[in-house]
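Before any comments, here is the structure.
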Amino acid sequence: GKVHYHKWKINYQSWAPDCMQVQVISINGKYPGPTVRAQVGDTIVVELENQMPTENVVVHWHGIRQIGTPWNDGTPSMSQCAINSGETYIYRFVVEKVIPMFDKYGGLVVRRLDWSALIAGTYFYHGHYGLQRSAGLYGSLIVDPAGKEPFSYDGELSIILNDWWHKSAYEQAIGLSSNPFVWVGEPHSLLIEGRGKFNCTTVSTDSSNTCNATHSQCLPHVLIVKPGKTYRLRIASVASLSALNFLIQGHKMTVVEADGHYLEPVEVDNLDVYSGESYSVLITANQDPANNYWAALNVRGRLPKTPTGLAILNYLPNPSAELPTSPPPASPLWNDFAYSKALAKKLVALKGHEEVPPRQSHRQLVFLNTQNKINGFLKWAINNISLVLPPTPYLAAMKYKIRNAYDTTPPPDVYAPRNYNITVPPPNPNATEGNGVYVLRMNSVVDVILQNANTLTPNNSEIHPWHLHGHDFWILGYGDGVFDPAKDPKKYNLVNPPLRNTAALFPYGWTALRFKADNPGVWAFHCHLEAHLFMGMGVMFAEGIERVGRIPRSSMGCGLTRNKFMRHP
Ligand code: C2O
Ligand code: CU
């Protein structure tokens with residue numbers, strides 16, 4: 001394959017994504033960051049220079065499995081040491097779906113799968129340090145297939161969805177980790193490809209930030225189409241908090257891809273997109289060509305306090321500045337969860353194009369999601385443990401057997417007590433902090449049941465989009481209430497479950513996932529809502545550590561690895 005070389009300078013920069021001038025994290029002066037594009041089998045190299053004066057950084061390549069390069073997953077405390085201010089780090093990885101195989105000496109022999117072309121699809125990258133994703137550090141990563149796609153189109157468009165706050169990510173992080181707790185609140189605006197519109201007239205004049213309703217950076221994003229043609233629209237969400245619903249006025253969308261895997265085509269009027277998910281939809285410009293049309297974005301799952309985000313579907317040769325003549329249709333009601341569940345269940349793998357899951361699993365993990373308190377601080381916990389990342393990255397700590405780097409007692413496979421009442425706030429809200437690892441047997445098949453519960457607020461349970469690093473999983477099923485280990489697995493979809501890297505966990509429900517632990521490394525599995533991960537909503541998986549290759553020293557300049565490897569520069 002080809003090598004795609006990129007040189008990135010990362011820094012804060014003044015920008016007005018929703019007309020309000022704030023500091024965003026830009027890449028080479030751009031926000032959102034540049035699109036990275038490669039073909040299956042190619043190598044991507046990103047030489048990243050951290051020019052931010054006071055912050056560390058890492059970049060995660062969301063959905064890319066990093067087979068053979070687990071140190072380049074871009075997760076601080078997990079795969080690597082964060083890149084200090086002024087430092088340069090080189091990410092290098094192959095975009096190919098492969099099964100790692102090993103020779104008798106333990107060396108990595110990568111075997112391509114027959115369906116290797118299927119990693120082709122829609123991905124993205126984003127900051128994974130603190131709340132830097134919220135500060136604007138993200139962009140598209142598109143992998144083109146080596147062969148043909150199972151659908152056709154005349155042109156391609158791509159958007160990343162996001163929710164946006166005017167308060168800096170740093171200030172948000174301070175609030176989240178304070179007692180009393182300061183919640184980030186609902187977003188000021190919703191952004192489509194980095195553009196939204198905040199109502200400047202609501203800003204008080206003594207604000208140090210300026211709001212300029214006609215700033216060119218907050219003109220709506222324009223999707224340009226020719227009448228009669230069909231387009232593949234790639235949609236991904238890096239939202240910090242919001243579940244989103246996307247629609248295009250007057251146009252149906254046919255969903256054909258999710259998270260880099262093909263789906264049986266499903267026609268929808270609007271699409272729920274959870275943070276961490278990506279989709280491709282086909283749209284045909286078959287409406288009156290005299291008009292332009294709105295693409296609209298609304299909040300779901302939380303009482304919306306944020307105006308609709310808007311982009312323009314521009315039919316050539318109409319001017320892009322010509323606004324649609326009628327307002328966009330509404331999204332489904334924010335709390336119509338039945339709608340969202342039905343939609344999620346409709347998304348199944350395209351027959352004959354995707355691997356089917358093994359019939360059985362070797363191990364079942366049941367993860368209770370709860371909101372908790374630790375010493376008065378508000379946290380999220382899994383099986384009553386809130387994840388606090390250690391200073392030494394797990395990958396090097398495990399591979400080089402560094403003592404005292406993390407808690408070697410494994411966290412519990414199943415929550416206790418088993419009769420925990422998920423419909424009320426926890427009777428004892430106190431959880432514990434931890435950084436233990438679920439060590440998975442190499443090549444074993446693992447089931448994860450995510451079990452949702454009531455938060456600390458009565459009659460409240462939230463949507464959590466769970467994302468797995470280093471693997472794709474099959475979504476075997478969704479259910480309401482408490483997962484029943486005797487009955488519910490009988491209803492699993494083992495015929496055409498979608499392969500994904502992100503799955504929604506609905507309020508008071510469960511979601512069942514299955515994956516093969518076939519990628520040597522240490523991998524995060526966490527809620528993709530940025531504030532939730534920051535408050536401990538994640539776990540660590542590890543497998544095949546003895547098969548991990550030599551870890552570059554450049555990723556080990558911190559914590560206990562620093563003492564071990566950096567003594568003689
Ligand atoms: Cu897109 Cu760990 O995240
Ligand atoms: Cu969450």
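Here's how to read the names in the structure tokens: chain A, B, ... by the order shown, residue numbers from 1 in each chain, ligand numbers from 1 in the order shown.
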Hey, which bits of chain A sit within 8 Å of ligand 1, and for each residue what's the closest pair of atoms and how far apart in Å (one decimal), counting only C-alpha atoms and all ligand atoms, rows by chain and increasing number, as a Markdown table?
| residue | atom | partner | partner_atom_place_in_ligand_line | distance |
| --- | --- | --- | --- | --- |
| A:His60 | CA | ligand 1 | 3 (O) | 6.6 |
| A:Trp61 | CA | ligand 1 | 1 (Cu) | 7.4 |
| A:His62 | CA | ligand 1 | 1 (Cu) | 4.8 |
| A:Gly63 | CA | ligand 1 | 1 (Cu) | 7.6 |
| A:Thr75 | CA | ligand 1 | 2 (Cu) | 7.1 |
| A:Tyr125 | CA | ligand 1 | 1 (Cu) | 7.2 |
| A:His126 | CA | ligand 1 | 1 (Cu) | 6.6 |
| A:His128 | CA | ligand 1 | 2 (Cu) | 6.5 |
| A:Val238 | CA | ligand 1 | 1 (Cu) | 7.2 |
| A:Ser275 | CA | ligand 1 | 1 (Cu) | 7.9 |
| A:Gly276 | CA | ligand 1 | 1 (Cu) | 5.3 |
| A:His467 | CA | ligand 1 | 3 (O) | 6.4 |
| A:Leu468 | CA | ligand 1 | 2 (Cu) | 7.2 |
| A:His469 | CA | ligand 1 | 2 (Cu) | 6.4 |
| A:Ala524 | CA | ligand 1 | 2 (Cu) | 6.3 |
| A:Phe525 | CA | ligand 1 | 2 (Cu) | 7.1 |
| A:His526 | CA | ligand 1 | 2 (Cu) | 6.5 |
| A:His528 | CA | ligand 1 | 3 (O) | 6.0 |
Write out as a tab-separated table a residue-level contact list of chain A versus ligand 2 with cut-off 12 Å: for each qualifying residue the closest pair of atoms and the distance in Å to one decimal, counting only C-alpha atoms and all ligand atoms, rows sorted by chain and residue number upward.
residue	atom	partner	partner_atom_place_in_ligand_line	distance
A:Ala239	CA	ligand 2	1 (Cu)	11.7
A:Ser240	CA	ligand 2	1 (Cu)	9.8
A:Leu241	CA	ligand 2	1 (Cu)	8.2
A:Ser242	CA	ligand 2	1 (Cu)	10.1
A:Ala243	CA	ligand 2	1 (Cu)	10.6
A:Tyr274	CA	ligand 2	1 (Cu)	10.9
A:Ser275	CA	ligand 2	1 (Cu)	9.9
A:Gly276	CA	ligand 2	1 (Cu)	11.6
A:Gly301	CA	ligand 2	1 (Cu)	11.8
A:Leu368	CA	ligand 2	1 (Cu)	11.9
A:Asn369	CA	ligand 2	1 (Cu)	8.3
A:Thr370	CA	ligand 2	1 (Cu)	9.4
A:Gln371	CA	ligand 2	1 (Cu)	9.4
A:Lys379	CA	ligand 2	1 (Cu)	10.8
A:Trp380	CA	ligand 2	1 (Cu)	8.0
A:Ala381	CA	ligand 2	1 (Cu)	10.0
A:Ile382	CA	ligand 2	1 (Cu)	10.7
A:Leu450	CA	ligand 2	1 (Cu)	11.4
A:Gln451	CA	ligand 2	1 (Cu)	11.9
A:Asn452	CA	ligand 2	1 (Cu)	9.9
A:Ala453	CA	ligand 2	1 (Cu)	11.4
A:Thr455	CA	ligand 2	1 (Cu)	10.8
A:Ser461	CA	ligand 2	1 (Cu)	10.1
A:Glu462	CA	ligand 2	1 (Cu)	7.2
A:Ile463	CA	ligand 2	1 (Cu)	6.5
A:His464	CA	ligand 2	1 (Cu)	3.9
A:Pro465	CA	ligand 2	1 (Cu)	6.4
A:Trp466	CA	ligand 2	1 (Cu)	7.5
A:His467	CA	ligand 2	1 (Cu)	10.3
A:Ala503	CA	ligand 2	1 (Cu)	11.4
A:Ala504	CA	ligand 2	1 (Cu)	9.5
A:Leu505	CA	ligand 2	1 (Cu)	8.7
A:Phe506	CA	ligand 2	1 (Cu)	10.3
A:Pro507	CA	ligand 2	1 (Cu)	10.7
A:Phe525	CA	ligand 2	1 (Cu)	11.6
A:His526	CA	ligand 2	1 (Cu)	8.0
A:Cys527	CA	ligand 2	1 (Cu)	4.6
A:His528	CA	ligand 2	1 (Cu)	6.5
A:Leu529	CA	ligand 2	1 (Cu)	5.2
A:Glu530	CA	ligand 2	1 (Cu)	8.0
A:Ala531	CA	ligand 2	1 (Cu)	7.8
A:His532	CA	ligand 2	1 (Cu)	4.9
A:Leu533	CA	ligand 2	1 (Cu)	7.1
A:Phe534	CA	ligand 2	1 (Cu)	9.9
A:Met535	CA	ligand 2	1 (Cu)	9.3
A:Gly536	CA	ligand 2	1 (Cu)	9.6
A:Met537	CA	ligand 2	1 (Cu)	6.6
A:Gly538	CA	ligand 2	1 (Cu)	9.0
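The closest residue to Val439 of chain A, picked from A:Thr409, A:Asn335, A:Ser280, A:Thr457 and counting only C-alpha atoms, is A:Thr409.
Going from atom CA of Pro498 of chain A over to atom CA of Leu350 of chain A, you cover 8.2 Å.
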Spatial neighbours of Ile312 of chain A, 8 Å, only C-alpha atoms, chain gap at least 3 places, as a list in words: Pro220, His221, Val222, Leu223, Asn292, Tyr293, Trp294, Ala295, Ser320, Leu323 and Pro324 of chain A
Mind pulling up the distance from atom CA of Ala344 of chain A to atom CA of Leu191 of chain A? 23.2 Å
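Shortest separation to Gln287 of chain A among A:Leu313, A:Leu343, A:Ile422, A:Ala486 occurs at residue A:Leu313, atoms counted being only C-alpha atoms.
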Just the residues within 9 Å of segment 489-496 of chain A, please, counting only C-alpha atoms, with nothing from its chain fewer than 3 positions along; format it as a ChimeraX atom specification. /A:348-351,354-359,474-478,484-486,499,512
Keeping only C-alpha atoms, write those residues as a PDB file, in the first residue's frame.
ATOM      1  CA  VAL A 348     -28.436  -5.085  10.436  1.00  0.00           C
ATOM      2  CA  ALA A 349     -25.386  -6.316   8.540  1.00  0.00           C
ATOM      3  CA  LEU A 350     -25.524  -6.597   4.756  1.00  0.00           C
ATOM      4  CA  LYS A 351     -25.982 -10.252   3.896  1.00  0.00           C
ATOM      5  CA  GLU A 354     -19.921  -9.191   6.805  1.00  0.00           C
ATOM      6  CA  GLU A 355     -18.516 -11.776   9.170  1.00  0.00           C
ATOM      7  CA  VAL A 356     -21.109 -13.500  11.365  1.00  0.00           C
ATOM      8  CA  PRO A 357     -20.481 -13.894  15.099  1.00  0.00           C
ATOM      9  CA  PRO A 358     -19.305 -17.111  16.753  1.00  0.00           C
ATOM     10  CA  ARG A 359     -22.283 -19.049  18.180  1.00  0.00           C
ATOM     11  CA  TRP A 474     -21.490  -7.425  17.059  1.00  0.00           C
ATOM     12  CA  ILE A 475     -24.584  -5.895  18.611  1.00  0.00           C
ATOM     13  CA  LEU A 476     -26.536  -9.029  19.530  1.00  0.00           C
ATOM     14  CA  GLY A 477     -29.525  -7.280  21.020  1.00  0.00           C
ATOM     15  CA  TYR A 478     -31.141  -4.488  22.960  1.00  0.00           C
ATOM     16  CA  ASP A 484     -32.065 -12.000  32.162  1.00  0.00           C
ATOM     17  CA  PRO A 485     -29.087 -14.348  31.604  1.00  0.00           C
ATOM     18  CA  ALA A 486     -31.401 -17.348  31.257  1.00  0.00           C
ATOM     19  CA  LEU A 499     -20.537  -5.018  13.402  1.00  0.00           C
ATOM     20  CA  ALA A 512     -25.554  -7.105  24.454  1.00  0.00           C
TER      21      ALA A 512
END
Of the candidates A:Tyr339, A:Pro417, A:Leu190, A:Ala285, which shows the shortest atom-to-atom distance to Val299 of chain A, using only C-alpha atoms? A:Leu190
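You can rank A:Ser278, A:Thr511, A:Asn404, A:Thr423 by their closest distance to Leu365 of chain A using only C-alpha atoms, and at the top of that list sits A:Thr511.
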Per-residue DSSP, segment 383-529 of chain A, filtered to strand (DSSP E or B), as a VMD selection string: chain A and resid 385 to 387 430 432 to 434 438 to 440 445 to 451 464 to 468 473 to 480 499 to 500 502 to 505 509 to 516 521 to 527
Requested write-out: C-alpha atoms of the selected residues, as a CSV table (one decimal), in the first residue's frame:
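As a result, result31.csv now contains:
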chain,number,residue,atom,x,y,z
A,385,ILE,CA,-15.7,1.2,40.2
A,386,SER,CA,-15.0,4.6,38.7
A,387,LEU,CA,-12.0,4.5,36.3
A,430,ASN,CA,-20.8,5.6,47.1
A,432,THR,CA,-14.7,3.3,44.6
A,433,GLU,CA,-12.0,4.5,42.3
A,434,GLY,CA,-10.0,2.0,40.4
A,438,TYR,CA,-10.0,-7.0,32.5
A,439,VAL,CA,-7.4,-9.4,31.1
A,440,LEU,CA,-9.0,-11.4,28.2
A,445,VAL,CA,-14.9,-14.6,22.4
A,446,VAL,CA,-16.3,-12.2,25.0
A,447,ASP,CA,-19.8,-11.0,25.6
A,448,VAL,CA,-20.4,-7.7,27.3
A,449,ILE,CA,-23.9,-6.9,28.6
A,450,LEU,CA,-24.2,-3.2,29.3
A,451,GLN,CA,-26.9,-2.7,32.0
A,464,HIS,CA,-24.8,6.1,26.9
A,465,PRO,CA,-23.0,5.5,23.6
A,466,TRP,CA,-20.3,2.9,24.4
A,467,HIS,CA,-17.2,2.7,22.3
A,468,LEU,CA,-14.6,-0.1,22.1
A,473,PHE,CA,-18.2,-5.9,18.2
A,474,TRP,CA,-21.5,-7.4,17.1
A,475,ILE,CA,-24.6,-5.9,18.6
A,476,LEU,CA,-26.5,-9.0,19.5
A,477,GLY,CA,-29.5,-7.3,21.0
A,478,TYR,CA,-31.1,-4.5,23.0
A,479,GLY,CA,-33.7,-4.9,25.7
A,480,ASP,CA,-35.6,-3.1,28.4
A,499,LEU,CA,-20.5,-5.0,13.4
A,500,ARG,CA,-19.9,-1.7,15.1
A,502,THR,CA,-20.0,2.1,19.2
A,503,ALA,CA,-23.4,1.0,20.5
A,504,ALA,CA,-26.1,2.9,22.3
A,505,LEU,CA,-27.3,1.9,25.8
A,509,GLY,CA,-32.3,-1.0,29.3
A,510,TRP,CA,-29.5,-3.3,28.3
A,511,THR,CA,-27.3,-3.8,25.2
A,512,ALA,CA,-25.6,-7.1,24.5
A,513,LEU,CA,-22.3,-7.1,22.5
A,514,ARG,CA,-19.9,-9.9,21.4
A,515,PHE,CA,-16.3,-9.5,20.2
A,516,LYS,CA,-13.2,-11.5,19.6
A,521,GLY,CA,-2.8,-4.6,23.3
A,522,VAL,CA,-4.6,-2.7,26.0
A,523,TRP,CA,-7.9,-1.1,24.9
A,524,ALA,CA,-10.4,1.3,26.4
A,525,PHE,CA,-14.1,0.5,26.4
A,526,HIS,CA,-16.0,3.6,27.5
A,527,CYS,CA,-18.9,5.9,27.3
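Note that atom CA of Gly250 of chain A and atom CA of Ala236 of chain A are 21.3 Å apart.
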Which of segment 296-448 of chain A end up as alpha helix (DSSP H) when DSSP is run on this backbone - answer as a compact mmCIF listing (two decimals) with C-alpha atoms, in the first residue's frame?
# COMPACT_ATOMS: atom_id res chain seq x y z
CA PHE A 337 -37.11 6.42 23.00
CA ALA A 338 -39.31 3.80 21.37
CA TYR A 339 -38.55 5.48 18.05
CA SER A 340 -34.80 5.37 18.68
CA LYS A 341 -34.83 1.75 19.77
CA ALA A 342 -36.87 0.69 16.75
CA LEU A 343 -34.45 2.51 14.47
CA ALA A 344 -31.40 0.93 16.15
CA LYS A 345 -32.92 -2.54 15.74
CA LYS A 346 -33.48 -1.97 12.02
CA TYR A 394 -1.02 0.38 30.77
CA LEU A 395 0.44 -0.96 27.55
CA ALA A 396 4.08 -0.48 28.52
CA ALA A 397 3.37 -1.30 32.17
CA MET A 398 1.89 -4.68 31.21
CA LYS A 399 4.33 -5.51 28.45
Skipping near chain neighbours, those fewer than 2 positions away, what residues fall within 7 Å of segment 35-39 of chain A using only C-alpha atoms, listed as number ranges by chain? A: 33, 41-42, 139-146
If we count only C-alpha atoms and set the cut-off at 8 Å, which residues sit around Phe246 of chain A, ignoring sequence neighbours fewer than 2 positions away in its own chain? Please answer as a PyMOL selection string. chain A and resi 244+248+270-273+295-298+331
Neighbour list for segment 43-49 of chain A as a list in words, cut-off 7 Å, only C-alpha atoms, skip fewer than 6 positions in-chain: Gly1, Lys2, Val3, His4, Tyr5, His6, Lys7, Trp8, Lys9, Ile10, Gly86, Glu87, Thr88, Tyr89, Ile90, Tyr91, Arg92, Phe93, Val94 and Val95 of chain A
